[in-house]
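The next block is run.csv, given as CSV, C-alpha atoms and all ligand atoms.
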chain,number,residue,atom,x,y,z
A,847,MET,CA,109.2,122.9,-26.9
A,848,GLY,CA,110.4,126.1,-25.4
A,849,TYR,CA,109.5,129.3,-23.5
A,850,GLU,CA,110.0,133.0,-23.8
A,851,LEU,CA,110.3,134.9,-20.6
A,852,SER,CA,110.8,138.5,-19.6
A,853,LYS,CA,113.7,139.7,-17.5
A,854,GLU,CA,111.3,140.1,-14.5
A,855,GLN,CA,109.9,136.6,-14.9
A,856,MET,CA,113.4,135.2,-15.1
A,857,ASN,CA,114.3,136.9,-11.9
A,858,GLU,CA,111.3,135.6,-10.2
A,859,ILE,CA,112.2,132.1,-11.3
A,860,LEU,CA,115.8,132.6,-10.1
A,861,SER,CA,114.6,133.8,-6.7
A,862,GLN,CA,112.5,130.6,-6.3
A,863,LEU,CA,115.4,128.4,-7.4
A,864,LYS,CA,117.6,130.1,-4.8
A,865,GLU,CA,115.7,128.4,-2.1
A,866,ASP,CA,117.2,125.1,-3.1
A,867,TYR,CA,120.2,126.0,-5.2
A,868,LEU,CA,123.3,128.2,-5.4
A,869,ILE,CA,123.3,129.7,-8.8
A,870,TYR,CA,126.6,130.1,-10.6
A,871,ALA,CA,127.2,132.0,-13.9
A,872,PRO,CA,130.0,134.0,-15.5
A,873,LYS,CA,129.8,137.5,-14.0
A,874,CYS,CA,131.9,140.6,-14.0
A,875,PHE,CA,134.3,141.2,-11.0
A,876,GLN,CA,134.9,144.9,-11.3
A,877,ASP,CA,138.6,145.8,-11.0
A,878,GLY,CA,139.3,142.1,-10.4
A,879,GLY,CA,141.4,141.7,-13.6
A,880,ARG,CA,145.1,141.0,-13.9
A,881,PHE,CA,146.1,144.6,-14.5
A,882,SER,CA,144.9,147.7,-12.6
A,883,ASP,CA,141.6,149.1,-13.6
A,884,THR,CA,140.7,145.9,-15.5
A,885,ASP,CA,137.7,143.7,-14.8
A,886,CYS,CA,137.6,139.9,-14.7
A,887,ILE,CA,134.8,137.7,-16.1
A,888,ARG,CA,134.7,134.5,-14.0
A,889,TYR,CA,132.2,132.3,-12.2
A,890,GLY,CA,130.4,133.5,-9.1
A,891,GLU,CA,127.1,133.3,-7.4
A,892,ILE,CA,124.3,135.4,-9.0
A,893,ASN,CA,121.0,136.7,-7.7
A,894,LYS,CA,119.7,138.4,-10.9
A,895,ILE,CA,119.7,137.4,-14.5
A,896,GLU,CA,121.3,140.8,-15.5
A,897,GLU,CA,124.4,139.8,-13.6
A,898,ILE,CA,125.2,137.1,-16.2
A,899,VAL,CA,127.8,138.2,-18.8
A,900,PHE,CA,126.6,136.8,-22.1
A,901,ASP,CA,128.8,138.7,-24.5
A,902,LYS,CA,132.3,137.9,-23.2
A,903,LYS,CA,134.1,134.7,-22.4
A,904,ALA,CA,134.7,133.7,-18.8
A,905,GLU,CA,138.4,133.8,-18.3
A,906,TYR,CA,138.1,130.9,-15.8
A,907,SER,CA,135.8,127.9,-16.3
A,908,PHE,CA,132.9,126.7,-14.2
A,909,LYS,CA,134.9,123.8,-13.0
A,910,GLU,CA,135.6,125.2,-9.5
A,911,VAL,CA,131.9,124.5,-8.7
A,912,LEU,CA,132.5,120.8,-9.1
A,913,LEU,CA,136.1,120.8,-8.2
A,914,PRO,CA,136.8,123.5,-5.6
A,915,ILE,CA,140.2,125.1,-5.8
A,916,SER,CA,140.8,124.0,-2.2
A,917,GLN,CA,138.5,121.4,-0.8
A,918,THR,CA,138.6,120.0,2.8
A,919,LEU,CA,138.0,116.2,2.7
A,920,PHE,CA,138.1,115.5,6.4
A,921,TYR,CA,139.1,116.9,9.8
A,922,PHE,CA,141.4,115.0,12.2
A,923,THR,CA,142.5,115.0,15.8
A,924,GLU,CA,144.8,112.6,17.6
A,925,ASP,CA,142.2,109.9,17.8
A,926,SER,CA,139.3,110.8,15.5
A,927,VAL,CA,138.5,111.7,11.9
A,928,LYS,CA,135.4,113.5,10.7
A,929,GLU,CA,134.4,113.7,7.1
A,930,ALA,CA,133.7,117.2,5.8
A,931,ASP,CA,130.0,117.9,5.3
A,932,ALA,CA,128.5,117.9,1.9
A,933,PRO,CA,127.2,121.3,0.7
A,934,LYS,CA,123.6,121.8,1.9
A,935,GLN,CA,122.3,123.1,-1.4
A,936,GLY,CA,122.6,121.9,-5.0
A,937,ALA,CA,124.0,124.1,-7.7
A,938,ILE,CA,122.7,125.5,-11.0
A,939,VAL,CA,125.5,126.3,-13.4
A,940,PHE,CA,125.1,128.5,-16.5
A,941,LEU,CA,127.7,127.5,-19.1
A,942,ARG,CA,128.5,127.3,-22.8
A,943,SER,CA,128.6,124.3,-25.1
A,944,CYS,CA,132.4,123.7,-24.8
A,945,ASP,CA,132.2,123.7,-21.0
A,946,LEU,CA,129.2,121.4,-21.0
A,947,HIS,CA,131.3,119.0,-23.1
A,948,SER,CA,134.1,119.3,-20.5
A,949,VAL,CA,131.7,117.9,-17.9
A,950,LYS,CA,131.8,114.6,-19.8
A,951,ARG,CA,135.7,114.7,-19.4
A,952,LEU,CA,135.5,115.5,-15.7
A,953,ASP,CA,133.0,112.7,-15.2
A,954,GLU,CA,135.3,110.3,-17.0
A,955,ILE,CA,138.2,111.1,-14.8
A,956,TYR,CA,136.3,111.4,-11.5
A,957,LEU,CA,133.5,108.8,-11.9
A,958,ARG,CA,134.7,106.2,-14.3
A,959,ASN,CA,138.5,106.1,-14.1
A,960,GLY,CA,138.7,102.9,-12.1
A,961,PHE,CA,136.5,104.1,-9.2
A,962,SER,CA,134.0,106.8,-8.4
A,963,ASP,CA,135.4,109.8,-6.4
A,964,TYR,CA,133.1,110.2,-3.4
A,965,TYR,CA,133.5,114.0,-3.0
A,966,TYR,CA,133.1,114.7,-6.7
A,967,GLN,CA,130.0,112.4,-6.9
A,968,ARG,CA,128.2,114.0,-4.1
A,969,LEU,CA,128.5,117.4,-5.7
A,970,ARG,CA,127.9,116.2,-9.2
A,971,GLU,CA,124.6,114.6,-8.3
A,972,ARG,CA,123.2,117.9,-7.3
A,973,VAL,CA,124.2,120.1,-10.2
A,974,VAL,CA,121.8,121.3,-12.9
A,975,PHE,CA,123.3,122.6,-16.1
A,976,VAL,CA,121.9,125.6,-18.1
A,977,LEU,CA,123.4,125.9,-21.6
A,978,MET,CA,124.1,129.4,-22.7
A,979,GLY,CA,123.7,129.7,-26.5
A,980,CYS,CA,126.6,131.1,-28.5
A,981,GLN,CA,125.6,133.6,-31.1
A,982,THR,CA,129.3,134.2,-32.3
A,983,ALA,CA,132.6,132.6,-31.4
A,984,PHE,CA,135.2,134.5,-29.5
A,985,ASP,CA,138.6,135.1,-31.2
A,986,SER,CA,140.5,132.2,-29.6
A,987,CYS,CA,137.7,129.6,-29.6
A,988,PHE,CA,138.2,126.5,-31.7
A,989,CYS,CA,135.2,124.4,-30.6
A,990,VAL,CA,134.0,123.6,-34.1
A,991,ASP,CA,137.2,121.7,-34.9
A,992,MET,CA,137.0,119.9,-31.6
A,993,GLY,CA,133.4,118.9,-32.2
A,994,THR,CA,132.1,120.7,-29.0
A,995,ASN,CA,130.2,123.7,-30.6
A,996,GLN,CA,126.8,122.1,-30.0
A,997,SER,CA,125.4,120.2,-27.0
A,998,ASN,CA,122.1,118.5,-26.1
A,999,GLU,CA,123.1,117.4,-22.7
A,1000,TYR,CA,121.5,120.3,-20.8
A,1001,ASP,CA,118.8,120.5,-18.3
A,1002,MET,CA,117.7,123.9,-19.7
A,1003,SER,CA,119.1,126.3,-22.3
A,1004,ILE,CA,119.0,130.0,-22.4
A,1005,ASP,CA,119.4,132.5,-25.2
A,1006,ARG,CA,118.8,136.2,-25.1
A,1007,SER,CA,115.9,137.4,-27.3
A,1008,GLU,CA,114.3,140.8,-28.2
A,1009,ASN,CA,111.7,140.3,-25.5
A,1010,GLY,CA,113.9,138.7,-22.9
A,1011,TYR,CA,115.1,135.2,-22.9
A,1012,GLN,CA,114.2,132.0,-24.8
A,1013,LEU,CA,114.5,128.7,-23.0
A,1014,ASP,CA,114.4,125.1,-23.9
A,1015,CYS,CA,113.7,122.9,-20.9
A,1016,LYS,CA,114.4,119.2,-20.5
A,1017,SER,CA,114.1,118.9,-16.7
A,1018,ASN,CA,110.7,118.1,-15.2
A,1019,GLN,CA,111.5,120.0,-12.1
A,1020,LEU,CA,112.4,123.2,-14.0
A,1021,GLU,CA,109.5,122.7,-16.4
A,1022,LYS,CA,107.0,122.9,-13.5
A,1023,LEU,CA,108.5,126.2,-12.4
A,1024,LEU,CA,108.6,127.7,-15.9
A,1025,SER,CA,105.0,126.7,-16.7
A,1026,GLN,CA,103.8,128.9,-13.9
A,1027,TYR,CA,105.0,131.9,-15.9
A,1028,ALA,CA,104.6,131.0,-19.6
A,1029,THR,CA,103.2,128.4,-22.0
A,1030,ASN,CA,105.7,126.2,-23.8
A,1031,ASN,CA,104.5,127.2,-27.3
A,1032,LEU,CA,107.9,127.9,-29.0
A,1033,SER,CA,110.4,125.7,-30.8
A,1034,VAL,CA,113.7,126.7,-29.3
A,1035,THR,CA,117.1,125.5,-30.4
A,1036,PRO,CA,120.0,126.9,-28.5
A,1037,ALA,CA,122.3,129.1,-30.6
A,1038,TYR,CA,125.6,127.5,-31.6
A,1039,VAL,CA,128.5,128.6,-33.9
A,1040,THR,CA,129.4,126.8,-37.0
A,1041,GLU,CA,132.7,128.5,-37.7
A,1042,THR,CA,135.6,129.9,-35.7
A,1043,LYS,CA,138.4,132.3,-36.5
A,1044,THR,CA,141.0,130.0,-34.8
A,1045,ARG,CA,141.3,126.7,-36.5
A,1046,VAL,CA,143.3,123.6,-35.5
A,1047,ASN,CA,144.4,120.6,-37.3
A,1048,ILE,CA,145.3,117.5,-35.3
A,1049,PRO,CA,147.3,115.3,-37.8
A,1050,SER,CA,145.8,111.8,-38.3
A,1051,ASN,CA,149.3,110.2,-38.0
A,1052,LEU,CA,150.0,111.8,-34.6
A,1053,SER,CA,151.9,109.4,-32.4
A,1054,TYR,CA,154.1,109.4,-29.4
A,1055,GLN,CA,157.1,109.7,-31.7
A,1056,ILE,CA,156.3,113.4,-31.7
A,1057,GLY,CA,158.0,113.5,-28.4
A,1058,ASN,CA,161.3,113.3,-30.3
A,1059,SER,CA,160.6,116.5,-32.3
A,1060,ASN,CA,162.6,119.7,-31.7
A,1061,MET,CA,159.3,121.6,-31.6
A,1062,TRP,CA,159.1,121.3,-27.9
A,1063,ARG,CA,162.4,123.0,-27.3
A,1064,GLU,CA,160.9,126.4,-28.2
A,1065,TYR,CA,158.9,126.2,-25.0
A,1066,ASP,CA,161.9,125.5,-22.8
A,1067,THR,CA,162.6,129.2,-22.7
A,1068,ARG,CA,159.3,130.8,-23.6
A,1069,CYS,CA,157.2,129.1,-20.9
A,1070,ILE,CA,157.7,130.4,-17.4
A,1071,ASN,CA,155.9,127.4,-15.8
A,1072,CYS,CA,153.3,129.6,-14.1
A,1073,GLY,CA,150.5,127.0,-14.5
A,1074,ARG,CA,147.9,129.5,-15.5
A,1075,CYS,CA,147.0,127.4,-18.6
A,1076,ASN,CA,146.0,124.5,-16.4
A,1077,PHE,CA,144.0,126.5,-13.9
A,1078,VAL,CA,141.8,128.1,-16.6
A,1079,CYS,CA,141.3,124.8,-18.4
A,1080,PRO,CA,137.9,123.1,-17.9
A,1081,THR,CA,139.4,119.7,-18.5
A,1082,CYS,CA,142.5,119.8,-16.2
A,1083,THR,CA,141.7,117.7,-13.2
A,1084,CYS,CA,144.9,117.3,-11.2
A,1085,PHE,CA,145.1,118.0,-7.5
A,1086,THR,CA,147.6,117.6,-4.7
A,1087,MET,CA,147.0,116.7,-1.1
A,1088,GLN,CA,147.8,119.0,1.8
A,1089,ASP,CA,147.6,118.3,5.6
A,1090,ILE,CA,147.0,121.5,7.5
A,1091,PHE,CA,147.9,121.4,11.2
A,1092,TYR,CA,146.2,124.1,13.3
A,1093,THR,CA,148.5,126.5,15.1
A,1094,ASP,CA,146.6,126.3,18.4
A,1095,ASN,CA,146.7,122.5,18.5
A,1096,GLU,CA,149.4,121.0,16.3
A,1097,LYS,CA,147.9,117.5,16.7
A,1098,ALA,CA,144.6,118.5,15.0
A,1099,GLY,CA,144.0,119.7,11.5
A,1100,GLU,CA,142.4,118.9,8.2
A,1101,ARG,CA,143.3,117.3,4.9
A,1102,ARG,CA,142.6,119.3,1.8
A,1103,ARG,CA,143.0,118.7,-1.9
A,1104,VAL,CA,144.0,121.7,-3.9
A,1105,TRP,CA,144.4,122.2,-7.6
A,1106,ALA,CA,147.8,121.2,-9.1
A,1107,SER,CA,149.4,122.0,-12.4
A,1108,CYS,CA,151.6,119.7,-14.6
A,1109,MET,CA,153.4,122.9,-15.7
A,1110,VAL,CA,154.8,124.0,-12.4
A,1111,ASP,CA,157.9,122.9,-10.4
A,1112,GLY,CA,157.3,120.1,-7.9
A,1113,TYR,CA,154.4,118.4,-9.8
A,1114,THR,CA,156.5,115.3,-10.6
A,1115,ASP,CA,158.6,115.2,-7.4
A,1116,VAL,CA,158.6,111.6,-6.0
A,1117,ALA,CA,159.9,109.9,-2.9
A,1118,GLY,CA,163.7,109.5,-3.0
A,1119,GLY,CA,164.2,113.0,-4.5
A,1120,ALA,CA,163.6,112.3,-8.2
A,1121,SER,CA,161.7,114.7,-10.4
A,1122,TYR,CA,160.7,114.3,-14.0
A,1123,ARG,CA,160.1,116.6,-17.0
A,1124,GLN,CA,162.5,119.3,-15.7
A,1125,LYS,CA,162.4,121.3,-19.0
A,1126,ASN,CA,159.4,123.5,-19.6
A,1127,GLY,CA,159.1,122.2,-23.2
A,1128,ASP,CA,158.8,118.6,-21.9
A,1129,ARG,CA,155.9,119.8,-19.6
A,1130,MET,CA,154.3,121.4,-22.6
A,1131,ARG,CA,154.7,118.2,-24.6
A,1132,PHE,CA,153.1,116.2,-21.7
A,1133,LYS,CA,150.1,118.6,-21.5
A,1134,VAL,CA,149.5,118.9,-25.2
A,1135,LEU,CA,149.7,115.2,-25.8
A,1136,HIS,CA,147.4,114.5,-22.9
A,1137,LYS,CA,144.8,116.9,-24.4
A,1138,VAL,CA,145.0,115.6,-28.0
A,1139,LEU,CA,146.5,112.1,-28.0
A,1140,ASP,CA,146.5,109.8,-25.0
A,1141,TYR,CA,143.1,110.7,-23.5
A,1142,LYS,CA,141.6,110.0,-26.9
A,1143,GLU,CA,143.3,106.6,-27.2
A,1144,ARG,CA,141.6,105.6,-24.0
A,1145,ASN,CA,138.2,107.2,-24.4
A,1146,GLY,CA,137.7,107.7,-28.1
A,1147,TYR,CA,137.4,111.5,-28.0
A,1148,HIS,CA,139.8,114.4,-27.3
A,1149,MET,CA,140.2,115.8,-23.9
A,1150,CYS,CA,140.6,119.4,-25.1
A,1151,VAL,CA,137.2,121.1,-25.9
A,1152,GLY,CA,138.6,124.0,-27.7
A,1153,CYS,CA,137.6,126.8,-25.3
A,1154,GLY,CA,140.8,128.7,-26.1
A,1155,ARG,CA,141.1,129.9,-22.4
A,1156,CYS,CA,144.7,128.7,-22.2
A,1157,ASP,CA,145.6,130.9,-25.2
A,1158,ASP,CA,143.9,133.9,-23.6
A,1159,ILE,CA,145.6,133.6,-20.2
A,1160,CYS,CA,149.2,132.8,-21.0
A,1161,PRO,CA,151.4,135.7,-19.9
A,1162,GLU,CA,154.1,134.6,-22.4
A,1163,TYR,CA,151.6,134.6,-25.3
A,1164,ILE,CA,152.1,130.9,-25.8
A,1165,SER,CA,149.3,129.6,-27.9
A,1166,PHE,CA,148.0,126.1,-27.4
A,1167,SER,CA,146.2,126.2,-30.7
A,1168,HIS,CA,149.4,127.2,-32.6
A,1169,CYS,CA,151.2,124.4,-30.8
A,1170,ILE,CA,148.5,121.9,-32.1
A,1171,ASN,CA,149.0,123.3,-35.6
A,1172,LYS,CA,152.8,122.6,-35.3
A,1173,LEU,CA,152.2,118.9,-34.7
A,1174,GLU,CA,151.9,118.1,-38.4
A,1175,ASN,CA,155.4,119.5,-39.2
A,1176,GLY,CA,156.7,117.9,-36.0
A,1177,MET,CA,155.5,114.5,-37.2
A,1178,LYS,CA,157.2,115.0,-40.7
A,1179,GLU,CA,160.4,115.9,-38.9
A,1180,VAL,CA,160.4,112.7,-36.7
A,1181,MET,CA,159.3,110.5,-39.6
A,1182,GLU,CA,162.2,111.8,-41.8
A,1183,HIS,CA,164.7,110.7,-39.1
A,1184,GLU,CA,163.1,107.2,-38.8
B,1,LIG,S1,150.3,129.8,-19.0
B,1,LIG,FE1,152.0,130.0,-20.6
B,1,LIG,S2,153.8,130.4,-19.4
B,1,LIG,FE2,152.3,129.7,-17.9
B,1,LIG,S3,152.7,127.5,-17.8
B,1,LIG,FE3,151.1,127.7,-19.3
B,1,LIG,S4,152.3,127.8,-21.3
B,1,LIG,FE4,153.7,128.2,-19.6
B,2,LIG,S1,143.6,122.8,-23.4
B,2,LIG,FE1,143.1,125.0,-23.6
B,2,LIG,S2,141.6,125.1,-25.3
B,2,LIG,FE2,141.7,123.0,-24.6
B,2,LIG,S3,140.0,122.8,-23.1
B,2,LIG,FE3,141.9,123.3,-21.9
B,2,LIG,S4,141.9,125.5,-21.8
B,2,LIG,FE4,140.4,125.0,-23.3

Show this structure as structure tokens.
Ligand code: SF4
Ligand code: SF4
Amino acid sequence: MGYELSKEQMNEILSQLKEDYLIYAPKCFQDGGRFSDTDCIRYGEINKIEEIVFDKKAEYSFKEVLLPISQTLFYFTEDSVKEADAPKQGAIVFLRSCDLHSVKRLDEIYLRNGFSDYYYQRLRERVVFVLMGCQTAFDSCFCVDMGTNQSNEYDMSIDRSENGYQLDCKSNQLEKLLSQYATNNLSVTPAYVTETKTRVNIPSNLSYQIGNSNMWREYDTRCINCGRCNFVCPTCTCFTMQDIFYTDNEKAGERRRVWASCMVDGYTDVAGGASYRQKNGDRMRFKVLHKVLDYKERNGYHMCVGCGRCDDICPEYISFSHCINKLENGMKEVMEHE
């Protein structure tokens, strides 16, 4: 059962929720875009429902709420270590179906990949997800082919309607709040798309032999290893560690983990001076096969959720979805040389 609420009622609910939660949603950062006089849609804290951008895709995903770009783990002096405090408030995150599917991938990596990451877990336990329905797909989305166009794993859903907003609530805590404003007398199914302009075909015979294809060589020169594709991806989870020493006392400092990218120089540097995947095409191969081959072998479903953000952000117009569609010919090529 669901609810219909006006803009004013939604804002009253948000202001009550703000007592316990930080509320994150895609919003417009005016003049915050890549080029002068352009805006950027990305995640930020909101106070009012009108701040949420429903009709454009967020260039960056919600993942920085769960995995901050730079996160202090602990502080140290010569003889003591103090763990960084957990955030005092929980978080409510408004996100689309593809991104909600990516939470499952993040959980797999940070909670079930051999051990549970303490810093991730303490944030994750306090996050509430609000699914934003999708009326239409954006140009670069390919969620239908990746099976992520619909999700039921939400605490609450929200769709815009003629009279305000329609909500489907599965959380008892939120239900108590909503019932102060309306009666749950509607049947609400969050909107979802059933077709996308961009389509992908992951060949059923895809194997690691694709690594021998010449298809990767195109990216040696086209890709400038900027790493943007990783930073916008809701399923990229790599980080690197940094020890920061304070300038006023070089024996004290803090340890941080910061986002890392498998596309940039230095990612594969190891002790002894070796470094792997020097060619940009080899980095592309590594990234693509992680998203649509090896993760699935371990977990039974693809890592990529088809959000299309990596296609949108690449300064060299390298398309991840085009690359996936080249895998079929790449497999034919390597099989012929068997
Ligand atoms: S965004 Fe494009 S150019 Fe930058 S690393 Fe990714 S594929 Fe290469
Ligand atoms: S690889 Fe590209 S399309 Fe797939 S989830 Fe990451 S950003 Fe989205």

Restrict the calculation to all atoms listed in the file, then for each residue of range 999-1112 of chain A with any atom at most 12 Å from an atom of range 857-879 of chain A give the closest atom pair and their distance in Å to one decimal, rows by chain and rising residue number, as a tab-separated table.
residue	atom	partner	partner_atom	distance
A:Ile1004	CA	A:Ala871	CA	12.0
A:Gly1010	CA	A:Asn857	CA	11.2
A:Tyr1011	CA	A:Asn857	CA	11.2
A:Gln1019	CA	A:Leu863	CA	10.4
A:Leu1020	CA	A:Leu863	CA	8.9
A:Glu1021	CA	A:Ile859	CA	11.0
A:Lys1022	CA	A:Ile859	CA	10.8
A:Leu1023	CA	A:Ile859	CA	7.1
A:Leu1024	CA	A:Ile859	CA	7.3
A:Ser1025	CA	A:Ile859	CA	10.5
A:Gln1026	CA	A:Ile859	CA	9.4
A:Tyr1027	CA	A:Ile859	CA	8.5
A:Ala1028	CA	A:Ile859	CA	11.3

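Proximity ranking of A:Asp1089, A:Glu999, A:Glu1182, A:Asp883 relative to Leu919 in chain A places A:Asp1089 first, based on all atoms listed in the file.
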
- request: Could you report the residues within 6 Å of ligand LIG 1 (chain B), using all atoms listed in the file, as a VMD selection string?
  value: chain A and resid 1069 to 1075 1109 1160 to 1162 1164

- prompt: Mind pulling up the distance from CA of Gln935 in chain A to atom FE4 of ligand LIG 2 (chain B)?
  reply: 28.5 Å

Would you give me, as JSON lines, each residue of chain A having an atom within 10 Å of an atom of ligand LIG 2 (chain B), along with its shortest atom pair and that distance in Å to one decimal, using all atoms listed in the file and sorting by chain and residue number?
{"residue": "A:Glu905", "atom": "CA", "partner": "B:LIG2", "partner_atom": "S4", "distance": 9.7}
{"residue": "A:Tyr906", "atom": "CA", "partner": "B:LIG2", "partner_atom": "S4", "distance": 8.9}
{"residue": "A:Ser907", "atom": "CA", "partner": "B:LIG2", "partner_atom": "S4", "distance": 8.6}
{"residue": "A:Cys944", "atom": "CA", "partner": "B:LIG2", "partner_atom": "S3", "distance": 7.8}
{"residue": "A:Asp945", "atom": "CA", "partner": "B:LIG2", "partner_atom": "S3", "distance": 8.1}
{"residue": "A:His947", "atom": "CA", "partner": "B:LIG2", "partner_atom": "S3", "distance": 9.5}
{"residue": "A:Ser948", "atom": "CA", "partner": "B:LIG2", "partner_atom": "S3", "distance": 7.3}
{"residue": "A:Arg951", "atom": "CA", "partner": "B:LIG2", "partner_atom": "S3", "distance": 9.9}
{"residue": "A:Ser986", "atom": "CA", "partner": "B:LIG2", "partner_atom": "S2", "distance": 8.4}
{"residue": "A:Cys987", "atom": "CA", "partner": "B:LIG2", "partner_atom": "S2", "distance": 7.3}
{"residue": "A:Phe988", "atom": "CA", "partner": "B:LIG2", "partner_atom": "S2", "distance": 7.4}
{"residue": "A:Cys989", "atom": "CA", "partner": "B:LIG2", "partner_atom": "S2", "distance": 8.3}
{"residue": "A:Met992", "atom": "CA", "partner": "B:LIG2", "partner_atom": "FE2", "distance": 9.0}
{"residue": "A:Arg1074", "atom": "CA", "partner": "B:LIG2", "partner_atom": "S4", "distance": 9.6}
{"residue": "A:Cys1075", "atom": "CA", "partner": "B:LIG2", "partner_atom": "S4", "distance": 6.3}
{"residue": "A:Asn1076", "atom": "CA", "partner": "B:LIG2", "partner_atom": "S4", "distance": 6.9}
{"residue": "A:Phe1077", "atom": "CA", "partner": "B:LIG2", "partner_atom": "S4", "distance": 8.2}
{"residue": "A:Val1078", "atom": "CA", "partner": "B:LIG2", "partner_atom": "S4", "distance": 5.8}
{"residue": "A:Cys1079", "atom": "CA", "partner": "B:LIG2", "partner_atom": "S4", "distance": 3.5}
{"residue": "A:Pro1080", "atom": "CA", "partner": "B:LIG2", "partner_atom": "S3", "distance": 5.6}
{"residue": "A:Thr1081", "atom": "CA", "partner": "B:LIG2", "partner_atom": "FE3", "distance": 5.5}
{"residue": "A:Cys1082", "atom": "CA", "partner": "B:LIG2", "partner_atom": "FE3", "distance": 6.7}
{"residue": "A:Lys1133", "atom": "CA", "partner": "B:LIG2", "partner_atom": "S1", "distance": 8.0}
{"residue": "A:Val1134", "atom": "CA", "partner": "B:LIG2", "partner_atom": "S1", "distance": 7.3}
{"residue": "A:His1136", "atom": "CA", "partner": "B:LIG2", "partner_atom": "S1", "distance": 9.1}
{"residue": "A:Lys1137", "atom": "CA", "partner": "B:LIG2", "partner_atom": "S1", "distance": 6.1}
{"residue": "A:Val1138", "atom": "CA", "partner": "B:LIG2", "partner_atom": "S1", "distance": 8.7}
{"residue": "A:His1148", "atom": "CA", "partner": "B:LIG2", "partner_atom": "FE2", "distance": 9.2}
{"residue": "A:Met1149", "atom": "CA", "partner": "B:LIG2", "partner_atom": "S3", "distance": 7.0}
{"residue": "A:Cys1150", "atom": "CA", "partner": "B:LIG2", "partner_atom": "FE2", "distance": 3.8}
{"residue": "A:Val1151", "atom": "CA", "partner": "B:LIG2", "partner_atom": "S3", "distance": 4.3}
{"residue": "A:Gly1152", "atom": "CA", "partner": "B:LIG2", "partner_atom": "S2", "distance": 4.0}
{"residue": "A:Cys1153", "atom": "CA", "partner": "B:LIG2", "partner_atom": "FE4", "distance": 3.9}
{"residue": "A:Gly1154", "atom": "CA", "partner": "B:LIG2", "partner_atom": "S2", "distance": 3.8}
{"residue": "A:Arg1155", "atom": "CA", "partner": "B:LIG2", "partner_atom": "S4", "distance": 4.5}
{"residue": "A:Cys1156", "atom": "CA", "partner": "B:LIG2", "partner_atom": "FE1", "distance": 4.3}
{"residue": "A:Asp1157", "atom": "CA", "partner": "B:LIG2", "partner_atom": "FE1", "distance": 6.6}
{"residue": "A:Asp1158", "atom": "CA", "partner": "B:LIG2", "partner_atom": "S4", "distance": 8.8}
{"residue": "A:Ile1159", "atom": "CA", "partner": "B:LIG2", "partner_atom": "S4", "distance": 9.0}
{"residue": "A:Ser1165", "atom": "CA", "partner": "B:LIG2", "partner_atom": "FE1", "distance": 8.8}
{"residue": "A:Phe1166", "atom": "CA", "partner": "B:LIG2", "partner_atom": "FE1", "distance": 6.3}
{"residue": "A:Ser1167", "atom": "CA", "partner": "B:LIG2", "partner_atom": "S2", "distance": 7.2}

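The shortest atom-to-atom distance to Ala930 in chain A, with only C-alpha atoms taken into account, belongs to A:Tyr964 out of A:Phe984, A:Tyr964, A:Phe900, A:Phe975.
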
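Taking all atoms listed in the file into account, Glu1041 in chain A lies nearest to A:Thr994 out of the set A:Ser1003, A:Thr994, A:Asn1018, A:Asn1058.
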
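Counting all atoms listed in the file, the residue from A:Ile887, A:Leu969, A:Leu952, A:Ile892 that sits nearest to Gln917 in chain A is A:Leu969.
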
task: Enumerate, as number ranges by chain, the protein, DNA and RNA residues whose atoms approach (143.2, 117.7, 19.5) to within 6 Å, taking into account all atoms listed in the file and the coordinate frame of the file.
output: A: 923-924, 1097-1098

Take the selection from the previous step and output its residues with C-alpha atoms, as a JSON list (two decimals), in the frame of the given file.
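The resulting file, out_30.json, is shown below:
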[["chain", "number", "residue", "atom", "x", "y", "z"],
["A", 923, "THR", "CA", 142.50, 115.00, 15.80],
["A", 924, "GLU", "CA", 144.80, 112.60, 17.60],
["A", 1097, "LYS", "CA", 147.90, 117.50, 16.70],
["A", 1098, "ALA", "CA", 144.60, 118.50, 15.00]]

query: Which residue out of A:Arg1144, A:Arg1131, A:Lys909, A:Arg1045 has the minimum interatomic distance to Leu1173 in chain A when all atoms listed in the file are used?
result: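 Of A:Arg1144, A:Arg1131, A:Lys909, A:Arg1045, the one nearest Leu1173 in chain A, counting all atoms listed in the file, is A:Arg1131.
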
message: Please report the interatomic distance between CA of Pro1049 in chain A and CA of Gly993 in chain A in Å with one decimal.
response: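 Straight-line distance from CA of Pro1049 in chain A to CA of Gly993 in chain A works out to 15.4 Å.
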